[in-house]
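*Asks:* My questions will all concern the structure given below.
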Amino acid sequence: MGEELISIYEILLARYGDLHWWPAKTPYEVIVGAVLTQNTAWSNVEKAIANFGEKLSPDTVENADLAELTEIIRPAGFFNQKAGYLKAVTAWYVNYDYDALTVQRESLTKLRSELLSTKGIGQETADSILLYAFSFPTFVVDAYTVRLCNRYPINAGKGYAEIKAYFEGNLPRSADVYNSFHALIVINAKEHCRKKPSCKGCPLDKTCGRCGL
């Protein structure tokens, strides 16, 4: 079954190339984006991040009062909750002196456990932070991944943990591969594998069992 996943990855990579995810200037910007993108479109996250101007930093979030932070991130929706989440994840990051290299010296297991114990940080957000901000080999499962598994179909199991374990067990253990593959799944879902699929021209149309359905 590993060959199936690798084949899908290679087909998508041939179509879309290396997408160089996550678009951010700093690891902290990735952390903020991972929190803000919960339950909203990325275009709204971009507006919220733009509201920080040149002041997007852990110190800014740490020192801002909740009312001020809420106004800044308002375009991302659920802004009252997310302001608290940003405060919480920034308090986690301060344990590592806001330094990515210090984070990277720790074990993936330890960091993931810490993040999952942080207010507002679920599995997808934790894995996004660890993969995209700090380059740990941990696969991100999102709605697009689940959709691919259900439609193709890929017998990856049910639920976040099972699907994550399946992908990690059948791909090279590589942050670069996990990064690239997840990005490719997302772009193909937006181009073709939508809620209402647009299969014509999809790079997986010759192998997908649900093509046209």
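Chains: A, B, ... in order of the structure tokens. Residues: from 1 per chain. Ligands: from 1, in order shown.
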Tell me, as a list in words, which residues lie within 12 Å of Gln81 in chain A, counting only C-alpha atoms; anything in the same chain fewer than 3 positions away does not count.
*Replies:*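 With the cut-off at 12 Å, the set is Val35, Leu36, Gln38, Asn39, Leu66, Ala67, Leu69, Thr70, Ile73, Arg74, Ala76, Gly77, Phe78, Gly84, Tyr85, Leu86, Lys87, Ala88, Lys119, Gly120 and Ile121 of chain A.
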*Asks:* Suppose we keep N, CA and C atoms; can you now write the selection as a compact mmCIF listing (two decimals), in the first residue's frame?
*Replies:*
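The resulting file, selection_6.txt, is shown below:
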```txt
# COMPACT_ATOMS: atom_id res chain seq x y z
N VAL A 35 -3.07 28.88 14.05
CA VAL A 35 -4.19 29.12 14.98
C VAL A 35 -5.32 29.86 14.28
N LEU A 36 -4.98 30.90 13.53
CA LEU A 36 -6.01 31.74 12.91
C LEU A 36 -6.78 31.02 11.82
N GLN A 38 -8.01 28.13 11.80
CA GLN A 38 -9.06 27.24 12.30
C GLN A 38 -10.43 27.79 11.90
N ASN A 39 -11.20 26.98 11.20
CA ASN A 39 -12.59 27.31 10.85
C ASN A 39 -12.73 28.58 10.01
N LEU A 66 -6.23 41.80 25.51
CA LEU A 66 -7.11 40.96 24.70
C LEU A 66 -7.98 41.77 23.75
N ALA A 67 -8.43 42.93 24.19
CA ALA A 67 -9.28 43.77 23.33
C ALA A 67 -8.51 44.23 22.10
N LEU A 69 -5.80 42.76 20.79
CA LEU A 69 -5.49 41.60 19.96
C LEU A 69 -6.72 41.13 19.18
N THR A 70 -7.86 41.18 19.83
CA THR A 70 -9.11 40.78 19.18
C THR A 70 -9.40 41.64 17.95
N ILE A 73 -7.05 40.65 14.94
CA ILE A 73 -7.32 39.37 14.27
C ILE A 73 -8.78 39.19 13.87
N ARG A 74 -9.56 40.23 13.99
CA ARG A 74 -11.00 40.14 13.71
C ARG A 74 -11.32 39.51 12.35
N ALA A 76 -10.19 37.06 10.90
CA ALA A 76 -10.06 35.60 10.92
C ALA A 76 -11.26 34.90 11.56
N GLY A 77 -12.20 35.68 12.10
CA GLY A 77 -13.37 35.07 12.72
C GLY A 77 -13.05 34.41 14.06
N PHE A 78 -14.10 34.14 14.84
CA PHE A 78 -13.93 33.53 16.17
C PHE A 78 -12.81 34.25 16.94
N GLY A 84 -7.39 34.39 22.75
CA GLY A 84 -6.95 33.60 23.89
C GLY A 84 -6.02 32.47 23.48
N TYR A 85 -6.31 31.85 22.35
CA TYR A 85 -5.45 30.77 21.86
C TYR A 85 -4.05 31.29 21.52
N LEU A 86 -3.99 32.46 20.88
CA LEU A 86 -2.69 33.04 20.55
C LEU A 86 -1.89 33.36 21.80
N LYS A 87 -2.57 33.87 22.81
CA LYS A 87 -1.89 34.14 24.08
C LYS A 87 -1.32 32.84 24.65
N ALA A 88 -2.12 31.78 24.59
CA ALA A 88 -1.70 30.50 25.18
C ALA A 88 -0.52 29.89 24.43
N LYS A 119 -4.20 25.49 25.34
CA LYS A 119 -5.58 25.91 25.02
C LYS A 119 -5.72 26.24 23.54
N GLY A 120 -6.70 25.60 22.90
CA GLY A 120 -7.01 25.92 21.51
C GLY A 120 -6.19 25.18 20.48
N ILE A 121 -5.28 24.30 20.93
CA ILE A 121 -4.40 23.60 19.99
C ILE A 121 -4.83 22.13 19.91
```
*Asks:* Excluding range 199-205 of chain A and residues on its chain fewer than 2 positions from it, collect all residues at most 10 Å away from it, counting only C-alpha atoms, and give them as a ChimeraX atom specification.
*Replies:* /A:7-8,11-16,152,188-189,191-194,196-197,207-213
*Asks:* For range 86-133 of chain A against range 179-184 of chain A, with a cut-off of 10 Å and counting only C-alpha atoms, what is the closest atom pair and its distance in Å to one decimal for every residue that makes the cut, ordered by chain and number, as a tab-separated table?
*Replies:*
```
residue	atom	partner	partner_atom	distance
A:Ser128	CA	A:Asn179	CA	9.2
A:Leu131	CA	A:Asn179	CA	6.9
A:Tyr132	CA	A:Asn179	CA	7.1
```
*Asks:* Just the selected residues (N, CA and C atoms), exported as a PDB file, in the first residue's frame, please.
*Replies:*
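And here is the file that came out, out.pdb:
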```pdb
ATOM      1  N   SER A 128       0.563  21.058  12.303  1.00  0.00           N
ATOM      2  CA  SER A 128       0.910  22.144  11.380  1.00  0.00           C
ATOM      3  C   SER A 128       2.048  22.978  11.943  1.00  0.00           C
ATOM      4  N   LEU A 131       5.335  20.762  11.910  1.00  0.00           N
ATOM      5  CA  LEU A 131       5.843  20.516  10.558  1.00  0.00           C
ATOM      6  C   LEU A 131       6.293  21.800   9.884  1.00  0.00           C
ATOM      7  N   TYR A 132       5.421  22.789   9.843  1.00  0.00           N
ATOM      8  CA  TYR A 132       5.686  23.967   9.024  1.00  0.00           C
ATOM      9  C   TYR A 132       6.538  25.029   9.713  1.00  0.00           C
TER      10      TYR A 132
END
```
*Asks:* Neighbouring residues of Leu130 in chain A were defined as those with any atom within 12 Å, considering only C-alpha atoms; residues of the same chain fewer than 6 positions away were excluded. Please report them as a count of residues only.
*Replies:* 32
*Asks:* Could you pull out the residues in range 36-159 of chain A that DSSP calls helix (DSSP H, G or I) from the backbone, as a VMD selection string?
*Replies:* chain A and resid 36 42 to 51 58 to 63 66 to 72 74 to 76 79 to 94 100 to 104 108 to 116 123 to 133 143 to 151 159
*Asks:* Using only C-alpha atoms, which protein or nucleic acid residues come within 8 Å of range 1-6 of chain A? Drop anything in the same chain fewer than 4 positions from it, and give the result as a compact mmCIF listing (two decimals) with C-alpha atoms, in the first residue's frame.
*Replies:*
```txt
# COMPACT_ATOMS: atom_id res chain seq x y z
CA GLU A 10 4.51 11.57 -7.50
CA PHE A 167 0.47 8.16 5.94
CA GLY A 169 3.85 4.43 7.97
CA ASN A 170 3.67 4.33 4.18
CA LEU A 171 5.83 7.30 3.23
```
*Asks:* For Lys195 in chain A, which residue among A:Asn155, A:Asn150, A:Thr26, A:Thr90 is the nearest when counting only C-alpha atoms?
*Replies:*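 Smallest separation from Lys195 in chain A among the options: A:Asn150.
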